[in-house]
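Q: I have a structure I would like to understand better, so I am pasting it below and will then ask my questions one at a time.
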Amino acid sequence: MINKKLSAVVLTTVLSASLLAGCAKKEEPAPTTPPATETPATETPATEVSAYKDGTYKTEYDNLDTKGWKAFVEIVVSGGKIASCNYDYVNADGNLKSKDADYNANMLKGSGTNPEKAYPALDQALVNAQGLEGFQAVTGATHSSDTFKELVTIALENAKSGNTTVAVVAQPDIAAPTAYKDGTFRAEYDKADTRGWKAFVEAKVEGGKITSVQYDYVNADGKLKTQDADYNTNMKKGVGTSPEEAFPVLDKMVVDNQGLNNFTVVTGATTSSDSFKELITSVITNAKEGKTDVVVLPQPDVAK
């Protein structure tokens, strides 16, 4: 009887243990955490360093040149860029060469351009290029273009450092010691040409400088070619210029340059320009020596 009771107790214990084991919740495996993905760092674009500091930069010559003009250039930098450029010449009265109507008209006739046209072209080229790379001289204004380049180079160097002090440089076109003796000097041909005209040049020197030049042709009646309305009208129609227009250009060229430096033949008046050059050469030679006797040269246009 005791054995039966013991067996029942053991069986009950085993069954209970089995039930407890079956009811126990199975342990879930721990979730696997995926490896962290490394986010690439975002690169901050490098800020472009401007070549120029904001400000106004000016360069000018220290004196007037031999023709009474002083060149300058003024450059404005804004936002690190060349925003504007102003190149010009100023005289003792504060007048600008680009605004001088007579100067512009005469230079346009002689060389095909003038300050009024050439200077803004140089200014705009600098703004467009943001520097002097690829710089080209303006046709007909080579000297002014060279001066522009010299002054701009200095202004841009100051713009790189932010130095806004006006840069003053030595004037390269300084008048030489007085080359001429005061007086009136004349040269002319010995006879009229095949068309009845005789060329002459007369120059006045005051204070060692050529102050005026008159070039013209005169006929047997004492009439000047520049005042012959029919002659001027017909020549203007044929070649685009006339004595009335061309001769004053040649006169001014010598006064402005105090000699034959930068002499240029006037378009449409080649023969007259050549005769002028021959006659004025003799005039200049006598002016240097102070000889006021009229120089008479053989007429090159002699009828065959």
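Letters A, B, ... mark the chains of the structure tokens in the order given; residue numbers begin at 1 per chain; ligand numbers begin at 1, in order shown.
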So which residues touch Thr241 (chain A) within 10 Å, counting only C-alpha atoms, skipping near sequence neighbours fewer than 3 positions away, as a list of chain:residue names?

A: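 Here the qualifying residues turn out to be A:Lys109, A:Asn232, A:Thr233, A:Asn234, A:Met235, A:Lys236, A:Lys237, A:Gly238, A:Glu244, A:Glu245, A:Ala246, A:Phe247, A:Val266, A:Thr267, A:Gly268, A:Ala269.
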
Q: Region 41-285 of chain A: which residues are alpha helix (DSSP H) by DSSP, as a PyMOL selection string?

A: chain A and resi 101-111+115-129+142-161+229-239+243-257+270-285

Q: Output as CSV one row per residue of region 162-204 of chain A within 6 Å of region 62-68 of chain A: the closest atom pair and its distance in Å to one decimal place, counting only C-alpha atoms, sorted by chain and residue number ascending.

A:
residue,atom,partner,partner_atom,distance
A:Val168,CA,A:Asp62,CA,5.7
A:Val169,CA,A:Asp62,CA,5.8
A:Ala170,CA,A:Asp62,CA,5.5
A:Gln171,CA,A:Asn63,CA,5.7
A:Asp173,CA,A:Asp65,CA,5.1
A:Ile174,CA,A:Asp65,CA,5.8
A:Ala175,CA,A:Thr66,CA,5.2

Q: Quote the spacing between CA of Asp274 (chain A) and CA of Ile210 (chain A) in Å to one decimal place.

A: 20.1 Å

Q: Just the residues within 10 Å of Thr142 (chain A), please, counting only C-alpha atoms, with nothing from its chain fewer than 6 positions along; format it as an mmCIF file with N, CA and C atoms, in the first residue's frame.

A:
data_model
loop_
_atom_site.group_PDB
_atom_site.id
_atom_site.type_symbol
_atom_site.label_atom_id
_atom_site.label_comp_id
_atom_site.auth_asym_id
_atom_site.auth_seq_id
_atom_site.Cartn_x
_atom_site.Cartn_y
_atom_site.Cartn_z
ATOM 1 N N ALA A 118 38.688 106.516 -77.561
ATOM 2 C CA ALA A 118 39.699 105.538 -77.147
ATOM 3 C C ALA A 118 39.707 105.273 -75.644
ATOM 4 N N GLN A 136 45.521 95.096 -75.235
ATOM 5 C CA GLN A 136 45.877 95.516 -76.583
ATOM 6 C C GLN A 136 45.719 97.030 -76.705
ATOM 7 N N PHE A 148 48.205 104.398 -70.376
ATOM 8 C CA PHE A 148 47.126 103.732 -69.638
ATOM 9 C C PHE A 148 47.650 102.473 -68.949
#

Q: In Å, rounded to a single decimal, give me how far CA of Asn114 (chain A) is from CA of Ala101 (chain A).

A: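 So the two atoms, CA of Ala101 (chain A) and CA of Asn114 (chain A), lie 10.1 Å apart.
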
Q: Record the distance separating CA of Phe263 (chain A) and CA of Lys191 (chain A), expressed in Å with one decimal.

A: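 Between these atoms lies a distance of 26.0 Å.
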
Q: Restricting the calculation to only C-alpha atoms: of A:Val296, A:Cys85, A:Val265, A:Val76, which residue gets closest to Val249 (chain A)?

A: A:Val265

Q: Would you list the contacts of Arg195 (chain A) as a PyMOL selection string, taking every protein, DNA or RNA residue within 12 Å and counting only C-alpha atoms, but skipping same-chain residues closer than 2 positions in sequence?

A: chain A and resi 191-193+197-199+217-220+225+231+301-303

Q: Find, counting only C-alpha atoms, the residue in A:Glu60, A:Asp102, A:Glu289, A:Glu278 that gets nearest to Asn86 (chain A).

A: A:Glu60

Q: Applying 12 Å and only C-alpha atoms, which residues near His143 (chain A) remain after dropping the ones on its own chain fewer than 6 positions away? List them as a VMD selection string.

A: chain A and resid 71 114 to 115 118 to 119 137 149 to 150 172 to 173 261 to 262

Q: Using only C-alpha atoms, determine which residues lie at most 8 Å from Val205 (chain A), disregarding the query and same-chain residues fewer than 2 positions distant; provide the list as a PyMOL selection string.

A: chain A and resi 180-184+203+207-212+287

Q: Could you write out, as a tab-separated table (two decimals) with N, CA and C atoms, in the first residue's frame, all the residues of region 53-215 of chain A that DSSP marks as strand (DSSP E or B)?

A:
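Saved the output as part.tsv:
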chain	number	residue	atom	x	y	z
A	55	GLY	N	37.78	99.48	-52.76
A	55	GLY	CA	38.26	100.84	-52.57
A	55	GLY	C	38.45	101.54	-53.90
A	56	THR	N	38.93	102.78	-53.84
A	56	THR	CA	39.22	103.58	-55.04
A	56	THR	C	40.72	103.79	-55.14
A	57	TYR	N	41.27	103.47	-56.30
A	57	TYR	CA	42.72	103.50	-56.48
A	57	TYR	C	43.07	104.40	-57.67
A	58	LYS	N	43.93	105.37	-57.41
A	58	LYS	CA	44.26	106.36	-58.44
A	58	LYS	C	45.76	106.46	-58.63
A	59	THR	N	46.15	106.60	-59.89
A	59	THR	CA	47.55	106.84	-60.25
A	59	THR	C	47.59	108.02	-61.20
A	60	GLU	N	48.56	108.92	-61.00
A	60	GLU	CA	48.67	110.08	-61.88
A	60	GLU	C	50.12	110.49	-62.03
A	61	TYR	N	50.40	111.24	-63.08
A	61	TYR	CA	51.75	111.79	-63.25
A	61	TYR	C	51.92	113.02	-62.37
A	70	LYS	N	48.12	116.19	-68.18
A	70	LYS	CA	48.62	115.24	-67.18
A	70	LYS	C	47.67	114.04	-67.13
A	71	ALA	N	48.21	112.86	-67.37
A	71	ALA	CA	47.39	111.64	-67.42
A	71	ALA	C	47.11	111.11	-66.02
A	72	PHE	N	45.94	110.48	-65.86
A	72	PHE	CA	45.60	109.82	-64.61
A	72	PHE	C	44.67	108.65	-64.89
A	73	VAL	N	44.59	107.73	-63.94
A	73	VAL	CA	43.61	106.65	-64.01
A	73	VAL	C	43.04	106.42	-62.62
A	74	GLU	N	41.74	106.19	-62.53
A	74	GLU	CA	41.08	105.94	-61.25
A	74	GLU	C	40.23	104.68	-61.38
A	75	ILE	N	40.52	103.71	-60.52
A	75	ILE	CA	39.85	102.41	-60.58
A	75	ILE	C	39.06	102.19	-59.30
A	76	VAL	N	37.81	101.78	-59.44
A	76	VAL	CA	36.96	101.46	-58.30
A	76	VAL	C	36.80	99.94	-58.22
A	77	VAL	N	37.11	99.38	-57.03
A	77	VAL	CA	36.94	97.95	-56.79
A	77	VAL	C	35.79	97.77	-55.80
A	78	SER	N	34.82	96.94	-56.17
A	78	SER	CA	33.67	96.66	-55.31
A	78	SER	C	33.40	95.16	-55.31
A	81	LYS	N	35.92	93.00	-57.17
A	81	LYS	CA	35.98	93.07	-58.63
A	81	LYS	C	36.21	94.52	-59.08
A	82	ILE	N	36.86	94.66	-60.23
A	82	ILE	CA	37.02	95.99	-60.81
A	82	ILE	C	35.66	96.41	-61.33
A	83	ALA	N	35.06	97.39	-60.68
A	83	ALA	CA	33.71	97.83	-61.04
A	83	ALA	C	33.73	98.91	-62.12
A	84	SER	N	34.74	99.77	-62.09
A	84	SER	CA	34.82	100.85	-63.08
A	84	SER	C	36.25	101.35	-63.20
A	85	CYS	N	36.51	102.01	-64.32
A	85	CYS	CA	37.83	102.61	-64.55
A	85	CYS	C	37.62	103.93	-65.28
A	86	ASN	N	38.38	104.94	-64.89
A	86	ASN	CA	38.29	106.25	-65.54
A	86	ASN	C	39.70	106.71	-65.89
A	87	TYR	N	40.00	106.69	-67.19
A	87	TYR	CA	41.31	107.11	-67.68
A	87	TYR	C	41.13	108.39	-68.48
A	88	ASP	N	41.99	109.39	-68.22
A	88	ASP	CA	41.88	110.65	-68.95
A	88	ASP	C	43.14	111.48	-68.71
A	89	TYR	N	43.16	112.64	-69.34
A	89	TYR	CA	44.22	113.63	-69.12
A	89	TYR	C	43.53	114.92	-68.67
A	90	VAL	N	44.20	115.69	-67.82
A	90	VAL	CA	43.65	116.96	-67.35
A	90	VAL	C	44.70	118.05	-67.59
A	96	LEU	N	39.26	118.23	-69.14
A	96	LEU	CA	39.63	116.88	-69.54
A	96	LEU	C	39.86	116.80	-71.04
A	167	ALA	N	48.79	107.24	-56.05
A	167	ALA	CA	50.17	106.98	-56.50
A	167	ALA	C	50.58	108.05	-57.50
A	168	VAL	N	51.66	108.74	-57.22
A	168	VAL	CA	52.15	109.79	-58.10
A	168	VAL	C	53.48	109.34	-58.70
A	169	VAL	N	53.53	109.30	-60.02
A	169	VAL	CA	54.73	108.82	-60.70
A	169	VAL	C	55.31	109.92	-61.57
A	183	GLY	N	61.15	133.78	-82.81
A	183	GLY	CA	61.11	134.46	-84.10
A	183	GLY	C	60.07	133.85	-85.02
A	184	THR	N	60.00	134.35	-86.25
A	184	THR	CA	59.11	133.81	-87.27
A	184	THR	C	59.96	133.18	-88.36
A	185	PHE	N	59.64	131.96	-88.69
A	185	PHE	CA	60.46	131.17	-89.62
A	185	PHE	C	59.57	130.65	-90.75
A	186	ARG	N	60.07	130.77	-91.98
A	186	ARG	CA	59.25	130.43	-93.14
A	186	ARG	C	60.05	129.63	-94.17
A	187	ALA	N	59.35	128.71	-94.82
A	187	ALA	CA	59.91	127.97	-95.94
A	187	ALA	C	58.84	127.90	-97.02
A	188	GLU	N	59.27	127.98	-98.30
A	188	GLU	CA	58.32	127.93	-99.40
A	188	GLU	C	58.99	127.36	-100.64
A	189	TYR	N	58.19	126.94	-101.59
A	189	TYR	CA	58.74	126.49	-102.86
A	189	TYR	C	59.04	127.69	-103.75
A	198	LYS	N	51.49	127.36	-104.97
A	198	LYS	CA	52.82	127.27	-104.36
A	198	LYS	C	52.67	127.10	-102.85
A	199	ALA	N	53.24	126.02	-102.33
A	199	ALA	CA	53.10	125.70	-100.91
A	199	ALA	C	54.10	126.49	-100.07
A	200	PHE	N	53.70	126.79	-98.83
A	200	PHE	CA	54.59	127.44	-97.87
A	200	PHE	C	54.21	127.01	-96.45
A	201	VAL	N	55.15	127.17	-95.53
A	201	VAL	CA	54.91	126.96	-94.10
A	201	VAL	C	55.55	128.11	-93.34
A	202	GLU	N	54.81	128.65	-92.39
A	202	GLU	CA	55.35	129.71	-91.53
A	202	GLU	C	55.06	129.34	-90.08
A	203	ALA	N	56.12	129.39	-89.26
A	203	ALA	CA	55.97	129.02	-87.85
A	203	ALA	C	56.47	130.15	-86.97
A	204	LYS	N	55.79	130.31	-85.83
A	204	LYS	CA	56.22	131.31	-84.84
A	204	LYS	C	56.72	130.59	-83.59
A	205	VAL	N	57.84	131.09	-83.06
A	205	VAL	CA	58.41	130.55	-81.83
A	205	VAL	C	58.43	131.65	-80.79
A	206	GLU	N	57.84	131.35	-79.63
A	206	GLU	CA	57.82	132.31	-78.52
A	206	GLU	C	58.18	131.57	-77.24
A	209	LYS	N	59.26	127.95	-77.63
A	209	LYS	CA	58.29	126.94	-78.06
A	209	LYS	C	57.61	127.37	-79.35
A	210	ILE	N	57.28	126.39	-80.17
A	210	ILE	CA	56.51	126.66	-81.38
A	210	ILE	C	55.08	126.96	-80.95
A	211	THR	N	54.64	128.16	-81.18
A	211	THR	CA	53.30	128.55	-80.71
A	211	THR	C	52.24	128.49	-81.81
A	212	SER	N	52.68	128.61	-83.07
A	212	SER	CA	51.72	128.49	-84.16
A	212	SER	C	52.42	128.07	-85.44
A	213	VAL	N	51.66	127.41	-86.30
A	213	VAL	CA	52.15	126.99	-87.61
A	213	VAL	C	51.05	127.26	-88.62
A	214	GLN	N	51.43	127.80	-89.77
A	214	GLN	CA	50.47	127.98	-90.86
A	214	GLN	C	51.02	127.31	-92.11
A	215	TYR	N	50.30	126.33	-92.59
A	215	TYR	CA	50.65	125.66	-93.84
A	215	TYR	C	49.54	125.92	-94.84

Q: Would you mind telling me which residue in A:Leu132, A:Val138, A:Leu250, A:Val294 lies nearest to Leu151 (chain A) when using only C-alpha atoms?

A: A:Leu132

Q: With a distance cut-off of 10 Å and only C-alpha atoms, select the neighbouring residues of Gly112 (chain A), excluding the residue or stretch itself and same-chain residues fewer than 3 positions from it, and output the selection as a PDB file with all heavy atoms, in the first residue's frame.

A:
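After the write, result.pdb holds the following:
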ATOM      1  N   ALA A 105      38.267 116.544 -82.345  1.00  0.00           N
ATOM      2  CA  ALA A 105      37.967 116.662 -83.776  1.00  0.00           C
ATOM      3  C   ALA A 105      39.236 116.553 -84.617  1.00  0.00           C
ATOM      4  O   ALA A 105      39.279 115.835 -85.624  1.00  0.00           O
ATOM      5  CB  ALA A 105      37.253 117.980 -84.053  1.00  0.00           C
ATOM      6  N   ASN A 106      40.301 117.246 -84.201  1.00  0.00           N
ATOM      7  CA  ASN A 106      41.549 117.234 -84.964  1.00  0.00           C
ATOM      8  C   ASN A 106      42.237 115.875 -84.923  1.00  0.00           C
ATOM      9  O   ASN A 106      42.746 115.395 -85.933  1.00  0.00           O
ATOM     10  CB  ASN A 106      42.495 118.316 -84.431  1.00  0.00           C
ATOM     11  CG  ASN A 106      42.006 119.714 -84.765  1.00  0.00           C
ATOM     12  OD1 ASN A 106      41.379 119.938 -85.794  1.00  0.00           O
ATOM     13  ND2 ASN A 106      42.278 120.669 -83.882  1.00  0.00           N
ATOM     14  N   MET A 107      42.230 115.239 -83.754  1.00  0.00           N
ATOM     15  CA  MET A 107      42.874 113.933 -83.661  1.00  0.00           C
ATOM     16  C   MET A 107      42.107 112.885 -84.458  1.00  0.00           C
ATOM     17  O   MET A 107      42.706 112.003 -85.080  1.00  0.00           O
ATOM     18  CB  MET A 107      43.000 113.498 -82.199  1.00  0.00           C
ATOM     19  CG  MET A 107      43.727 112.166 -82.039  1.00  0.00           C
ATOM     20  SD  MET A 107      44.047 111.735 -80.305  1.00  0.00           S
ATOM     21  CE  MET A 107      44.658 110.042 -80.514  1.00  0.00           C
ATOM     22  N   LEU A 108      40.784 112.995 -84.457  1.00  0.00           N
ATOM     23  CA  LEU A 108      39.971 112.038 -85.210  1.00  0.00           C
ATOM     24  C   LEU A 108      40.294 112.120 -86.700  1.00  0.00           C
ATOM     25  O   LEU A 108      40.383 111.089 -87.385  1.00  0.00           O
ATOM     26  CB  LEU A 108      38.486 112.314 -84.975  1.00  0.00           C
ATOM     27  CG  LEU A 108      37.505 111.311 -85.605  1.00  0.00           C
ATOM     28  CD1 LEU A 108      37.716 109.921 -85.026  1.00  0.00           C
ATOM     29  CD2 LEU A 108      36.070 111.754 -85.370  1.00  0.00           C
ATOM     30  N   LYS A 109      40.485 113.334 -87.201  1.00  0.00           N
ATOM     31  CA  LYS A 109      40.827 113.515 -88.610  1.00  0.00           C
ATOM     32  C   LYS A 109      42.214 112.940 -88.918  1.00  0.00           C
ATOM     33  O   LYS A 109      42.441 112.357 -89.975  1.00  0.00           O
ATOM     34  CB  LYS A 109      40.820 114.998 -88.973  1.00  0.00           C
ATOM     35  CG  LYS A 109      39.435 115.636 -88.975  1.00  0.00           C
ATOM     36  CD  LYS A 109      39.537 117.133 -89.220  1.00  0.00           C
ATOM     37  CE  LYS A 109      38.189 117.817 -89.107  1.00  0.00           C
ATOM     38  NZ  LYS A 109      38.301 119.302 -89.255  1.00  0.00           N
ATOM     39  N   LYS A 117      36.755 108.580 -77.811  1.00  0.00           N
ATOM     40  CA  LYS A 117      36.443 107.203 -78.183  1.00  0.00           C
ATOM     41  C   LYS A 117      37.394 106.197 -77.530  1.00  0.00           C
ATOM     42  O   LYS A 117      36.975 105.144 -77.043  1.00  0.00           O
ATOM     43  CB  LYS A 117      36.532 107.039 -79.705  1.00  0.00           C
ATOM     44  CG  LYS A 117      35.445 107.747 -80.484  1.00  0.00           C
ATOM     45  CD  LYS A 117      35.579 107.421 -81.971  1.00  0.00           C
ATOM     46  CE  LYS A 117      34.413 107.976 -82.769  1.00  0.00           C
ATOM     47  NZ  LYS A 117      34.506 107.593 -84.206  1.00  0.00           N
ATOM     48  N   THR A 139      44.097 101.128 -81.701  1.00  0.00           N
ATOM     49  CA  THR A 139      44.663 101.589 -82.964  1.00  0.00           C
ATOM     50  C   THR A 139      44.485 103.103 -83.098  1.00  0.00           C
ATOM     51  O   THR A 139      43.392 103.625 -82.911  1.00  0.00           O
ATOM     52  CB  THR A 139      43.977 100.893 -84.154  1.00  0.00           C
ATOM     53  OG1 THR A 139      44.121  99.475 -84.013  1.00  0.00           O
ATOM     54  CG2 THR A 139      44.585 101.326 -85.474  1.00  0.00           C
ATOM     55  N   GLY A 140      45.589 103.778 -83.412  1.00  0.00           N
ATOM     56  CA  GLY A 140      45.543 105.232 -83.549  1.00  0.00           C
ATOM     57  C   GLY A 140      45.820 105.970 -82.261  1.00  0.00           C
ATOM     58  O   GLY A 140      45.942 107.184 -82.266  1.00  0.00           O
ATOM     59  N   ALA A 141      45.913 105.219 -81.145  1.00  0.00           N
ATOM     60  CA  ALA A 141      46.172 105.856 -79.840  1.00  0.00           C
ATOM     61  C   ALA A 141      47.194 105.032 -79.066  1.00  0.00           C
ATOM     62  O   ALA A 141      46.995 104.696 -77.902  1.00  0.00           O
ATOM     63  CB  ALA A 141      44.880 105.997 -79.051  1.00  0.00           C
ATOM     64  N   VAL A 266      48.006 112.781 -93.160  1.00  0.00           N
ATOM     65  CA  VAL A 266      46.552 112.899 -93.087  1.00  0.00           C
ATOM     66  C   VAL A 266      45.934 112.078 -94.213  1.00  0.00           C
ATOM     67  O   VAL A 266      46.295 112.251 -95.382  1.00  0.00           O
ATOM     68  CB  VAL A 266      46.105 114.369 -93.188  1.00  0.00           C
ATOM     69  CG1 VAL A 266      44.584 114.457 -93.257  1.00  0.00           C
ATOM     70  CG2 VAL A 266      46.628 115.169 -92.007  1.00  0.00           C
ATOM     71  N   THR A 267      45.027 111.200 -93.860  1.00  0.00           N
ATOM     72  CA  THR A 267      44.368 110.351 -94.851  1.00  0.00           C
ATOM     73  C   THR A 267      43.662 111.191 -95.899  1.00  0.00           C
ATOM     74  O   THR A 267      42.908 112.105 -95.575  1.00  0.00           O
ATOM     75  CB  THR A 267      43.346 109.420 -94.167  1.00  0.00           C
ATOM     76  OG1 THR A 267      44.018 108.649 -93.168  1.00  0.00           O
ATOM     77  CG2 THR A 267      42.703 108.479 -95.163  1.00  0.00           C
TER      78      THR A 267
END
